[in-house]
>>> print(open('data.cif').read())   # mmCIF, C-alpha atoms
data_input
#
loop_
_atom_site.group_PDB
_atom_site.id
_atom_site.type_symbol
_atom_site.label_atom_id
_atom_site.label_comp_id
_atom_site.auth_asym_id
_atom_site.auth_seq_id
_atom_site.Cartn_x
_atom_site.Cartn_y
_atom_site.Cartn_z
ATOM 1 C CA MET A 1 107.084 115.317 66.931
ATOM 2 C CA ALA A 2 105.924 112.282 68.865
ATOM 3 C CA SER A 3 104.014 112.942 72.067
ATOM 4 C CA LYS A 4 105.179 111.714 75.458
ATOM 5 C CA LEU A 5 102.372 109.161 75.447
ATOM 6 C CA GLN A 6 103.595 107.749 72.144
ATOM 7 C CA ASN A 7 107.173 107.639 73.382
ATOM 8 C CA ILE A 8 106.269 105.820 76.592
ATOM 9 C CA CYS A 9 104.096 103.315 74.726
ATOM 10 C CA ALA A 10 106.850 102.725 72.175
ATOM 11 C CA LEU A 11 109.358 102.129 74.979
ATOM 12 C CA SER A 12 107.027 99.655 76.672
ATOM 13 C CA ASP A 13 106.399 97.799 73.387
ATOM 14 C CA GLU A 14 110.117 97.603 72.674
ATOM 15 C CA VAL A 15 110.888 96.217 76.105
ATOM 16 C CA GLY A 16 107.959 93.801 75.929
ATOM 17 C CA LYS A 17 109.157 92.319 72.646
ATOM 18 C CA SER A 18 112.513 91.487 74.215
ATOM 19 C CA LEU A 19 111.134 89.488 77.138
ATOM 20 C CA SER A 20 110.932 86.119 75.349
ATOM 21 C CA ASP A 21 114.453 85.468 76.566
ATOM 22 C CA TYR A 22 115.586 83.851 79.822
ATOM 23 C CA GLU A 23 117.744 86.727 81.087
ATOM 24 C CA LYS A 24 115.268 89.430 80.073
ATOM 25 C CA TRP A 25 112.243 87.538 81.396
ATOM 26 C CA THR A 26 113.807 86.800 84.812
ATOM 27 C CA ALA A 27 115.002 90.418 85.045
ATOM 28 C CA PHE A 28 111.404 91.492 84.488
ATOM 29 C CA LEU A 29 110.170 88.998 87.115
ATOM 30 C CA LYS A 30 112.566 90.511 89.678
ATOM 31 C CA SER A 31 110.979 93.905 89.079
ATOM 32 C CA ALA A 32 107.428 92.530 89.033
ATOM 33 C CA ALA A 33 108.004 90.867 92.410
ATOM 34 C CA TRP A 34 107.981 94.320 94.024
ATOM 35 C CA GLN A 35 105.059 95.560 91.914
ATOM 36 C CA TYR A 36 102.819 92.517 92.477
ATOM 37 C CA LYS A 37 99.744 94.638 93.182
ATOM 38 C CA TYR A 38 99.882 96.104 89.668
ATOM 39 C CA SER A 39 98.609 94.563 86.439
ATOM 40 C CA PHE A 40 100.984 93.003 83.933
ATOM 41 C CA GLN A 41 100.729 96.084 81.706
ATOM 42 C CA ASP A 42 101.604 98.389 84.612
ATOM 43 C CA GLN A 43 104.460 96.116 85.648
ATOM 44 C CA LEU A 44 105.783 96.317 82.101
ATOM 45 C CA PHE A 45 105.647 100.124 82.095
ATOM 46 C CA ILE A 46 107.365 100.321 85.486
ATOM 47 C CA TYR A 47 110.071 97.871 84.408
ATOM 48 C CA ALA A 48 110.690 99.806 81.184
ATOM 49 C CA GLN A 49 111.229 103.071 83.073
ATOM 50 C CA ARG A 50 112.424 102.127 86.575
ATOM 51 C CA PRO A 51 113.414 98.443 86.845
ATOM 52 C CA ASP A 52 114.875 99.065 90.318
ATOM 53 C CA ALA A 53 111.631 100.452 91.807
ATOM 54 C CA THR A 54 110.480 98.635 94.956
ATOM 55 C CA ALA A 55 107.198 100.245 96.027
ATOM 56 C CA CYS A 56 105.189 102.522 93.740
ATOM 57 C CA ALA A 57 102.100 104.582 94.512
ATOM 58 C CA SER A 58 100.316 107.719 93.332
ATOM 59 C CA ILE A 59 100.893 111.122 94.905
ATOM 60 C CA ASP A 60 97.520 110.919 96.667
ATOM 61 C CA ILE A 61 98.393 107.632 98.349
ATOM 62 C CA TRP A 62 101.838 108.840 99.404
ATOM 63 C CA ASN A 63 100.448 112.104 100.768
ATOM 64 C CA LYS A 64 97.078 111.193 102.262
ATOM 65 C CA ARG A 65 97.432 107.596 103.346
ATOM 66 C CA LEU A 66 101.168 107.241 104.000
ATOM 67 C CA LYS A 67 101.897 110.829 105.067
ATOM 68 C CA SER A 68 104.940 110.975 102.813
ATOM 69 C CA TRP A 69 105.987 113.631 100.341
ATOM 70 C CA ILE A 70 107.586 113.503 96.909
ATOM 71 C CA ASN A 71 111.184 114.694 96.779
ATOM 72 C CA ARG A 72 111.891 117.821 94.794
ATOM 73 C CA GLY A 73 112.951 116.924 91.249
ATOM 74 C CA ALA A 74 111.708 113.311 91.476
ATOM 75 C CA LYS A 75 110.630 111.883 88.126
ATOM 76 C CA GLY A 76 107.306 110.062 88.001
ATOM 77 C CA ILE A 77 106.767 106.685 86.363
ATOM 78 C CA ALA A 78 104.174 106.930 83.587
ATOM 79 C CA LEU A 79 101.388 104.352 83.389
ATOM 80 C CA LEU A 80 98.920 104.059 80.530
ATOM 81 C CA ARG A 81 95.276 104.633 81.343
ATOM 82 C CA GLU A 82 91.993 104.666 79.404
ATOM 83 C CA GLY A 83 89.504 107.464 79.901
ATOM 84 C CA ASP A 84 86.436 108.944 78.268
ATOM 85 C CA ARG A 85 88.666 110.900 75.926
ATOM 86 C CA GLY A 86 90.969 108.019 75.123
ATOM 87 C CA GLN A 87 94.392 107.061 76.409
ATOM 88 C CA TYR A 88 96.365 109.213 78.794
ATOM 89 C CA LEU A 89 99.332 108.893 81.179
ATOM 90 C CA ASP A 90 99.032 108.643 84.929
ATOM 91 C CA TYR A 91 102.058 108.832 87.220
ATOM 92 C CA VAL A 92 103.297 106.911 90.246
ATOM 93 C CA PHE A 93 106.412 107.421 92.348
ATOM 94 C CA ASP A 94 108.757 104.909 93.922
ATOM 95 C CA ILE A 95 109.381 104.887 97.669
ATOM 96 C CA SER A 96 112.925 106.095 96.956
ATOM 97 C CA ASP A 97 111.368 109.306 95.585
ATOM 98 C CA THR A 98 109.673 110.128 98.903
ATOM 99 C CA HIS A 99 110.427 111.322 102.406
ATOM 100 C CA SER A 100 108.442 111.408 105.640
ATOM 101 C CA ASN A 101 108.736 113.305 108.913
ATOM 102 C CA ASN A 102 107.543 110.171 110.705
ATOM 103 C CA GLY A 103 110.537 108.065 109.691
ATOM 104 C CA PRO A 104 110.960 105.512 106.910
ATOM 105 C CA ILE A 105 108.039 103.384 105.746
ATOM 106 C CA ARG A 106 108.646 99.721 106.445
ATOM 107 C CA LEU A 107 107.572 97.132 103.892
ATOM 108 C CA TRP A 108 106.536 93.700 105.102
ATOM 109 C CA GLN A 109 109.355 91.202 105.395
ATOM 110 C CA TYR A 110 109.523 87.427 105.322
ATOM 111 C CA ASN A 111 111.151 85.383 108.076
ATOM 112 C CA SER A 112 111.506 81.618 108.191
ATOM 113 C CA ARG A 113 109.667 81.528 111.523
ATOM 114 C CA PHE A 114 106.495 82.226 109.526
ATOM 115 C CA ASP A 115 106.926 79.153 107.308
ATOM 116 C CA ASN A 116 104.294 76.946 108.942
ATOM 117 C CA ALA A 117 101.681 79.691 108.873
ATOM 118 C CA ILE A 118 102.480 80.541 105.235
ATOM 119 C CA ILE A 119 102.313 76.915 104.135
ATOM 120 C CA GLU A 120 98.935 76.565 105.861
ATOM 121 C CA THR A 121 97.730 79.689 104.043
ATOM 122 C CA LEU A 122 98.916 78.326 100.686
ATOM 123 C CA GLU A 123 97.026 75.076 101.246
ATOM 124 C CA ASN A 124 93.882 76.932 102.253
ATOM 125 C CA SER A 125 94.157 79.103 99.149
ATOM 126 C CA PHE A 126 95.229 76.620 96.475
ATOM 127 C CA GLY A 127 94.496 73.143 97.827
ATOM 128 C CA GLY A 128 96.689 70.327 99.100
ATOM 129 C CA LEU A 129 100.357 70.755 98.246
ATOM 130 C CA LYS A 130 102.325 67.903 96.696
ATOM 131 C CA LYS A 131 105.467 69.023 98.478
ATOM 132 C CA LYS A 132 105.766 71.230 101.545
ATOM 133 C CA SER A 133 108.900 70.144 103.367
ATOM 134 C CA SER A 134 110.328 73.603 102.700
ATOM 135 C CA ILE A 135 108.888 77.006 101.882
ATOM 136 C CA THR A 136 110.347 76.743 98.361
ATOM 137 C CA ASP A 137 108.644 73.396 97.705
ATOM 138 C CA ALA A 138 105.376 74.736 99.089
ATOM 139 C CA ILE A 139 105.448 77.794 96.821
ATOM 140 C CA LEU A 140 106.233 75.667 93.762
ATOM 141 C CA SER A 141 103.388 73.286 94.570
ATOM 142 C CA ALA A 142 100.975 76.160 95.197
ATOM 143 C CA ALA A 143 101.903 77.740 91.862
ATOM 144 C CA GLU A 144 101.326 74.435 90.102
ATOM 145 C CA ASN A 145 97.877 74.091 91.680
ATOM 146 C CA ALA A 146 96.928 77.681 90.911
ATOM 147 C CA VAL A 147 97.872 77.454 87.244
ATOM 148 C CA GLU A 148 96.143 74.114 86.860
ATOM 149 C CA ASP A 149 92.920 75.537 88.276
ATOM 150 C CA SER A 150 92.831 78.704 86.187
ATOM 151 C CA LYS A 151 94.614 77.911 82.931
ATOM 152 C CA SER A 152 91.542 76.996 80.870
ATOM 153 C CA ASP A 153 90.644 80.647 80.288
ATOM 154 C CA TYR A 154 94.216 81.571 79.384
ATOM 155 C CA LEU A 155 94.545 78.617 77.026
ATOM 156 C CA SER A 156 91.390 79.733 75.261
ATOM 157 C CA GLU A 157 92.999 83.129 74.702
ATOM 158 C CA LEU A 158 96.198 81.520 73.433
ATOM 159 C CA LYS A 159 94.271 79.746 70.671
ATOM 160 C CA TYR A 160 93.685 83.125 69.062
ATOM 161 C CA ALA A 161 96.848 84.862 70.248
ATOM 162 C CA LYS A 162 99.375 82.273 69.043
ATOM 163 C CA GLU A 163 99.310 83.363 65.404
ATOM 164 C CA ASN A 164 102.758 84.415 64.125
ATOM 165 C CA SER A 165 104.384 83.198 67.340
ATOM 166 C CA PHE A 166 106.525 80.125 67.887
ATOM 167 C CA LEU A 167 103.486 78.547 69.541
ATOM 168 C CA ASP A 168 101.727 78.554 66.204
ATOM 169 C CA GLY A 169 101.693 75.045 64.779
ATOM 170 C CA LEU A 170 101.800 73.312 68.155
ATOM 171 C CA ASP A 171 98.851 71.154 69.134
ATOM 172 C CA GLU A 172 96.694 71.966 72.152
ATOM 173 C CA LEU A 173 98.443 69.448 74.390
ATOM 174 C CA ASN A 174 101.888 70.946 73.802
ATOM 175 C CA ILE A 175 100.611 74.484 74.245
ATOM 176 C CA ASP A 176 99.007 73.384 77.501
ATOM 177 C CA VAL A 177 102.278 71.862 78.753
ATOM 178 C CA GLU A 178 104.396 74.861 77.749
ATOM 179 C CA PHE A 179 102.000 77.362 79.282
ATOM 180 C CA GLN A 180 101.616 75.374 82.518
ATOM 181 C CA GLN A 181 105.344 74.918 83.019
ATOM 182 C CA THR A 182 106.340 78.484 82.137
ATOM 183 C CA ALA A 183 103.586 80.094 84.197
ATOM 184 C CA GLU A 184 104.169 78.084 87.359
ATOM 185 C CA VAL A 185 107.949 78.612 87.486
ATOM 186 C CA SER A 186 107.452 82.318 86.720
ATOM 187 C CA ILE A 187 104.948 82.681 89.567
ATOM 188 C CA ALA A 188 107.217 80.825 91.984
ATOM 189 C CA TYR A 189 110.134 83.007 90.855
ATOM 190 C CA ILE A 190 108.202 86.204 91.667
ATOM 191 C CA VAL A 191 106.980 84.955 95.043
ATOM 192 C CA LEU A 192 110.390 83.720 96.172
ATOM 193 C CA GLN A 193 112.049 86.918 95.009
ATOM 194 C CA ARG A 194 109.596 89.080 96.991
ATOM 195 C CA LEU A 195 110.207 86.966 100.085
ATOM 196 C CA GLY A 196 113.884 87.781 99.809
ATOM 197 C CA ILE A 197 114.896 84.309 98.627
ATOM 198 C CA ASN A 198 117.217 84.580 95.630
ATOM 199 C CA ALA A 199 115.222 82.862 92.888
ATOM 200 C CA ASP A 200 118.347 82.507 90.747
ATOM 201 C CA ASN A 201 119.617 80.015 93.316
ATOM 202 C CA VAL A 202 116.458 77.952 92.829
ATOM 203 C CA PHE A 203 115.886 78.149 89.061
ATOM 204 C CA GLU A 204 118.167 77.866 86.072
ATOM 205 C CA ARG A 205 117.823 78.544 82.376
ATOM 206 C CA GLU A 206 116.645 74.935 81.906
ATOM 207 C CA ASP A 207 113.564 75.730 84.017
ATOM 208 C CA PHE A 208 112.385 78.226 81.358
ATOM 209 C CA PRO A 209 112.790 76.233 78.128
ATOM 210 C CA HIS A 210 109.562 77.539 76.551
ATOM 211 C CA ILE A 211 109.718 81.266 77.274
ATOM 212 C CA MET A 212 111.205 81.825 73.805
ATOM 213 C CA ASN A 213 107.967 80.582 72.235
ATOM 214 C CA PHE A 214 105.967 83.463 73.751
ATOM 215 C CA ASN A 215 107.662 85.807 71.313
ATOM 216 C CA THR A 216 104.776 88.081 70.319
ATOM 217 C CA ALA A 217 103.054 90.825 72.276
ATOM 218 C CA GLU A 218 99.813 88.826 72.207
ATOM 219 C CA THR A 219 101.202 85.549 73.560
ATOM 220 C CA LEU A 220 103.396 87.280 76.119
ATOM 221 C CA SER A 221 100.402 89.272 77.305
ATOM 222 C CA VAL A 222 98.403 86.087 77.976
ATOM 223 C CA LEU A 223 101.303 84.564 79.910
ATOM 224 C CA GLY A 224 102.049 87.813 81.749
ATOM 225 C CA ASN A 225 98.440 88.348 82.801
ATOM 226 C CA ALA A 226 98.283 84.842 84.274
ATOM 227 C CA VAL A 227 101.576 85.210 86.105
ATOM 228 C CA SER A 228 100.702 88.669 87.417
ATOM 229 C CA SER A 229 97.212 87.710 88.597
ATOM 230 C CA ILE A 230 98.198 84.497 90.393
ATOM 231 C CA SER A 231 101.363 85.895 91.972
ATOM 232 C CA GLU A 232 99.369 88.877 93.262
ATOM 233 C CA GLU A 233 96.850 86.603 94.965
ATOM 234 C CA THR A 234 99.644 84.483 96.418
ATOM 235 C CA LEU A 235 101.661 87.401 97.775
ATOM 236 C CA ARG A 236 98.624 89.219 99.157
ATOM 237 C CA ASN A 237 97.719 86.092 101.131
ATOM 238 C CA ILE A 238 101.290 85.681 102.338
ATOM 239 C CA SER A 239 101.610 89.330 103.370
ATOM 240 C CA GLU A 240 98.349 89.148 105.331
ATOM 241 C CA THR A 241 99.580 86.000 107.057
ATOM 242 C CA ILE A 242 102.889 87.598 108.002
ATOM 243 C CA ARG A 243 101.162 90.703 109.347
ATOM 244 C CA ALA A 244 98.810 88.532 111.409
ATOM 245 C CA GLU A 245 101.748 86.557 112.803
ATOM 246 C CA VAL A 246 103.588 89.749 113.704
ATOM 247 C CA ARG A 247 100.499 91.115 115.476
ATOM 248 C CA GLU A 248 100.209 87.889 117.480
ATOM 249 C CA GLU A 249 103.860 88.106 118.487
ATOM 250 C CA ILE A 250 103.440 91.717 119.587
ATOM 251 C CA ASN A 251 100.319 90.874 121.588
ATOM 252 C CA ALA A 252 102.023 87.855 123.145
ATOM 253 C CA ARG A 253 104.971 89.982 124.250
ATOM 254 C CA LYS A 254 102.595 92.625 125.578
ATOM 255 C CA ASN A 255 100.574 90.073 127.546
ATOM 256 C CA PHE A 256 103.757 88.512 128.904
ATOM 257 C CA ALA A 257 105.021 91.899 130.028
ATOM 258 C CA GLU A 258 101.689 92.677 131.722
ATOM 259 C CA LYS A 259 101.718 89.336 133.553
ATOM 260 C CA GLU A 260 105.303 89.859 134.673
ATOM 261 C CA ASN A 261 104.401 93.323 135.917
ATOM 262 C CA ALA A 262 101.352 91.962 137.736
ATOM 263 C CA VAL A 263 103.451 89.292 139.508
ATOM 264 C CA TYR A 264 106.051 91.903 140.433
ATOM 265 C CA ASN A 265 103.414 94.222 141.866
ATOM 266 C CA GLU A 266 101.809 91.357 143.796
ATOM 267 C CA VAL A 267 105.117 90.411 145.407
ATOM 268 C CA LYS A 268 105.848 94.042 146.158
ATOM 269 C CA GLU A 269 102.487 94.495 147.883
ATOM 270 C CA LYS A 270 103.001 91.385 150.032
ATOM 271 C CA ASP A 271 106.436 92.512 151.164
ATOM 272 C CA ALA A 272 105.577 96.169 151.592
ATOM 273 C CA PRO A 273 103.773 95.986 155.010
ATOM 274 C CA THR A 274 106.654 94.124 156.653
ATOM 275 C CA ILE A 275 109.187 96.564 155.297
ATOM 276 C CA ASN A 276 107.107 99.559 156.272
ATOM 277 C CA ASN A 277 106.397 98.259 159.785
ATOM 278 C CA GLU A 278 110.060 97.641 160.446
ATOM 279 C CA ARG A 279 111.027 101.046 159.202
ATOM 280 C CA THR A 280 108.258 102.900 161.085
ATOM 281 C CA ASP A 281 108.737 101.001 164.360
ATOM 282 C CA ASN A 282 112.418 101.788 164.428
ATOM 283 C CA TYR A 283 111.726 105.352 163.503
ATOM 284 C CA ASP A 284 109.197 105.823 166.351
ATOM 285 C CA ARG A 285 111.534 104.330 168.932
ATOM 286 C CA ASP A 286 114.522 106.348 167.850
ATOM 287 C CA ASN A 287 112.757 109.628 167.268
ATOM 288 C CA ILE A 288 113.187 111.280 170.681
ATOM 289 C CA HIS A 289 111.386 114.383 169.461
ATOM 290 C CA GLY A 290 108.198 112.386 168.662
ATOM 291 C CA SER A 291 108.011 113.770 165.150
ATOM 292 C CA LYS A 292 105.250 112.759 162.742
ATOM 293 C CA ARG A 293 105.370 109.229 161.239
ATOM 294 C CA VAL A 294 106.812 109.073 157.707
ATOM 295 C CA SER A 295 104.161 108.042 155.194
ATOM 296 C CA ASP A 296 104.372 104.748 153.287
ATOM 297 C CA THR A 297 104.740 106.580 150.014
ATOM 298 C CA GLU A 298 107.771 108.503 151.231
ATOM 299 C CA LEU A 299 109.415 105.235 152.272
#
>>> encode(input="data.cif", output="structure tokens")
Amino acid sequence: MASKLQNICALSDEVGKSLSDYEKWTAFLKSAAWQYKYSFQDQLFIYAQRPDATACASIDIWNKRLKSWINRGAKGIALLREGDRGQYLDYVFDISDTHSNNGPIRLWQYNSRFDNAIIETLENSFGGLKKKSSITDAILSAAENAVEDSKSDYLSELKYAKENSFLDGLDELNIDVEFQQTAEVSIAYIVLQRLGINADNVFEREDFPHIMNFNTAETLSVLGNAVSSISEETLRNISETIRAEVREEINARKNFAEKENAVYNEVKEKDAPTINNERTDNYDRDNIHGSKRVSDTEL
């Protein structure tokens, strides 16, 4: 009887072999957009078992760092790991499998008011952008720059990985073009999807004409590793930018509130003596019993 490890690996291999197809590849990219901090292999395992997962972490992270607890009966997502004794399965749980006494955990969210800051971050990270009139153009240009800068290592791997794939027989120039185009649109697809922008409204089947040529586990792995690595860097930079912008907004509102309160208190202090004097003078004149003056605080 096959072990659980063998079954999980077989499932992942089966799913991986089917991804050289537009619908299957974009479905995988939708899942990977939420798992951008994981490697391509981990993203593949998560997609094979829980394609709808949005935020996965180990029990230790949920418990110790996020103060959340795994729901009774929740099923973990198996990831393949290498240890001293060989391969073994490690487990993560999706946010939907957890609960917290401190309320729901909020994931970072994109808003168009952050566009200028995000575009500046993309330029600082990946160089001058050819187009940046919109956040979509900026992300596409950043992906193009990122792939161009890092593709030499991946192309070297493809020279040996292309055997028995539809890339076999193509010259280096065509492989370069197909890898560049497929990787950059895939990265942009992931980034847009994580920002909450429907990537299917931006890209069509015609934007992925070469995905069918990455039809072996070896070639798909090279492409997937590039897409996963670059999209992770991009989204980490964007998330840090958004968090920084949110902190600035909170501080600005706090400072504004403190200034407003200071002005209010200043006006109140200026008016207080006049009000108090009027009240106390009238009180002293009218109080025929000569009772003790009412204190300012009581007024």
>>> atom_distance(input="data.cif", atom1="CA of Phe45 in chain A", atom2="CA of Val92 in chain A")
10.9 Å
>>> atom_distance(input="data.cif", atom1="CA of Ser31 in chain A", atom2="CA of Leu66 in chain A")
22.3 Å
>>> closest_residue(input="data.cif", among="A:Met212, A:Ser186, A:Asp200, A:Asp60", to="Lys17 in chain A", atoms="all atoms listed in the file")
A:Met212
>>> atom_distance(input="data.cif", atom1="CA of Val227 in chain A", atom2="CA of Glu157 in chain A")
14.4 Å
>>> resolve_selection(input="data.cif", expression="the PyMOL selection byres ((chain A and resi 35) around 10)", output="PyMOL selection string")
chain A and resi 29-34+36-40+42-44+46-47+53-57+190+194+228+232
>>> resolve_selection(input="data.cif", expression="the PyMOL selection byres ((chain A and resi 242) around 9)", output="mmCIF file with C-alpha atoms, keeping the file's coordinate frame")
data_model
loop_
_atom_site.group_PDB
_atom_site.id
_atom_site.type_symbol
_atom_site.label_atom_id
_atom_site.label_comp_id
_atom_site.auth_asym_id
_atom_site.auth_seq_id
_atom_site.Cartn_x
_atom_site.Cartn_y
_atom_site.Cartn_z
ATOM 1 C CA TRP A 108 106.536 93.700 105.102
ATOM 2 C CA GLN A 109 109.355 91.202 105.395
ATOM 3 C CA TYR A 110 109.523 87.427 105.322
ATOM 4 C CA ASN A 111 111.151 85.383 108.076
ATOM 5 C CA PHE A 114 106.495 82.226 109.526
ATOM 6 C CA ALA A 117 101.681 79.691 108.873
ATOM 7 C CA ILE A 118 102.480 80.541 105.235
ATOM 8 C CA ASN A 237 97.719 86.092 101.131
ATOM 9 C CA ILE A 238 101.290 85.681 102.338
ATOM 10 C CA SER A 239 101.610 89.330 103.370
ATOM 11 C CA GLU A 240 98.349 89.148 105.331
ATOM 12 C CA THR A 241 99.580 86.000 107.057
ATOM 13 C CA ARG A 243 101.162 90.703 109.347
ATOM 14 C CA ALA A 244 98.810 88.532 111.409
ATOM 15 C CA GLU A 245 101.748 86.557 112.803
ATOM 16 C CA VAL A 246 103.588 89.749 113.704
ATOM 17 C CA ARG A 247 100.499 91.115 115.476
#
>>> residues_around(input="data.cif", residues="Gly76 in chain A", least_positions_apart="5", cutoff="9 Å", atoms="all atoms listed in the file", output="count of residues only")
6
>>> closest_residue(input="data.cif", among="A:Asn215, A:Asn198, A:Asn225, A:Ser134", to="Ser112 in chain A", atoms="only C-alpha atoms")
A:Ser134
>>> resolve_selection(input="data.cif", expression="the PyMOL selection byres ((chain A and resi 119) around 12)", output="PyMOL selection string")
chain A and resi 112-118+120-142+234+237-238+241-242
>>> write_last_selection(input="data.cif", atoms="C-alpha atoms", output="short mmCIF file (atom, residue, chain, number, x, y, z; two decimals), in the coordinates of the input")
data_model
loop_
_atom_site.label_atom_id
_atom_site.label_comp_id
_atom_site.auth_asym_id
_atom_site.auth_seq_id
_atom_site.Cartn_x
_atom_site.Cartn_y
_atom_site.Cartn_z
CA SER A 112 111.51 81.62 108.19
CA ARG A 113 109.67 81.53 111.52
CA PHE A 114 106.50 82.23 109.53
CA ASP A 115 106.93 79.15 107.31
CA ASN A 116 104.29 76.95 108.94
CA ALA A 117 101.68 79.69 108.87
CA ILE A 118 102.48 80.54 105.24
CA GLU A 120 98.94 76.56 105.86
CA THR A 121 97.73 79.69 104.04
CA LEU A 122 98.92 78.33 100.69
CA GLU A 123 97.03 75.08 101.25
CA ASN A 124 93.88 76.93 102.25
CA SER A 125 94.16 79.10 99.15
CA PHE A 126 95.23 76.62 96.48
CA GLY A 127 94.50 73.14 97.83
CA GLY A 128 96.69 70.33 99.10
CA LEU A 129 100.36 70.76 98.25
CA LYS A 130 102.32 67.90 96.70
CA LYS A 131 105.47 69.02 98.48
CA LYS A 132 105.77 71.23 101.54
CA SER A 133 108.90 70.14 103.37
CA SER A 134 110.33 73.60 102.70
CA ILE A 135 108.89 77.01 101.88
CA THR A 136 110.35 76.74 98.36
CA ASP A 137 108.64 73.40 97.70
CA ALA A 138 105.38 74.74 99.09
CA ILE A 139 105.45 77.79 96.82
CA LEU A 140 106.23 75.67 93.76
CA SER A 141 103.39 73.29 94.57
CA ALA A 142 100.98 76.16 95.20
CA THR A 234 99.64 84.48 96.42
CA ASN A 237 97.72 86.09 101.13
CA ILE A 238 101.29 85.68 102.34
CA THR A 241 99.58 86.00 107.06
CA ILE A 242 102.89 87.60 108.00
#
>>> build_atoms(input="data.cif", residues="range 110-122 of chain A", atoms="N, CA, C and O atoms", output="mmCIF file, keeping the file's coordinate frame")
data_model
loop_
_atom_site.group_PDB
_atom_site.id
_atom_site.type_symbol
_atom_site.label_atom_id
_atom_site.label_comp_id
_atom_site.auth_asym_id
_atom_site.auth_seq_id
_atom_site.Cartn_x
_atom_site.Cartn_y
_atom_site.Cartn_z
ATOM 1 N N TYR A 110 109.648 88.866 105.035
ATOM 2 C CA TYR A 110 109.523 87.427 105.322
ATOM 3 C C TYR A 110 110.581 86.992 106.322
ATOM 4 O O TYR A 110 111.702 87.494 106.321
ATOM 5 N N ASN A 111 110.207 86.041 107.181
ATOM 6 C CA ASN A 111 111.151 85.383 108.076
ATOM 7 C C ASN A 111 110.774 83.911 108.137
ATOM 8 O O ASN A 111 109.591 83.562 108.102
ATOM 9 N N SER A 112 111.771 83.058 108.227
ATOM 10 C CA SER A 112 111.506 81.618 108.191
ATOM 11 C C SER A 112 110.620 81.146 109.341
ATOM 12 O O SER A 112 110.017 80.065 109.259
ATOM 13 N N ARG A 113 110.526 81.936 110.415
ATOM 14 C CA ARG A 113 109.667 81.528 111.523
ATOM 15 C C ARG A 113 108.186 81.560 111.143
ATOM 16 O O ARG A 113 107.349 81.023 111.870
ATOM 17 N N PHE A 114 107.872 82.181 109.999
ATOM 18 C CA PHE A 114 106.495 82.226 109.526
ATOM 19 C C PHE A 114 106.162 81.064 108.589
ATOM 20 O O PHE A 114 105.037 81.004 108.077
ATOM 21 N N ASP A 115 107.102 80.187 108.335
ATOM 22 C CA ASP A 115 106.926 79.153 107.308
ATOM 23 C C ASP A 115 105.667 78.317 107.502
ATOM 24 O O ASP A 115 104.903 78.090 106.561
ATOM 25 N N ASN A 116 105.450 77.814 108.709
ATOM 26 C CA ASN A 116 104.294 76.946 108.942
ATOM 27 C C ASN A 116 102.978 77.672 108.666
ATOM 28 O O ASN A 116 102.058 77.108 108.056
ATOM 29 N N ALA A 117 102.902 78.916 109.100
ATOM 30 C CA ALA A 117 101.681 79.691 108.873
ATOM 31 C C ALA A 117 101.487 79.975 107.385
ATOM 32 O O ALA A 117 100.363 79.903 106.869
ATOM 33 N N ILE A 118 102.576 80.266 106.671
ATOM 34 C CA ILE A 118 102.480 80.541 105.235
ATOM 35 C C ILE A 118 102.066 79.291 104.478
ATOM 36 O O ILE A 118 101.212 79.348 103.581
ATOM 37 N N ILE A 119 102.654 78.168 104.816
ATOM 38 C CA ILE A 119 102.313 76.915 104.135
ATOM 39 C C ILE A 119 100.832 76.569 104.362
ATOM 40 O O ILE A 119 100.129 76.132 103.445
ATOM 41 N N GLU A 120 100.361 76.803 105.578
ATOM 42 C CA GLU A 120 98.935 76.565 105.861
ATOM 43 C C GLU A 120 98.063 77.489 105.011
ATOM 44 O O GLU A 120 97.034 77.064 104.467
ATOM 45 N N THR A 121 98.467 78.732 104.872
ATOM 46 C CA THR A 121 97.730 79.689 104.043
ATOM 47 C C THR A 121 97.709 79.247 102.586
ATOM 48 O O THR A 121 96.672 79.330 101.912
ATOM 49 N N LEU A 122 98.841 78.783 102.077
ATOM 50 C CA LEU A 122 98.916 78.326 100.686
ATOM 51 C C LEU A 122 97.990 77.139 100.443
ATOM 52 O O LEU A 122 97.324 77.057 99.397
#
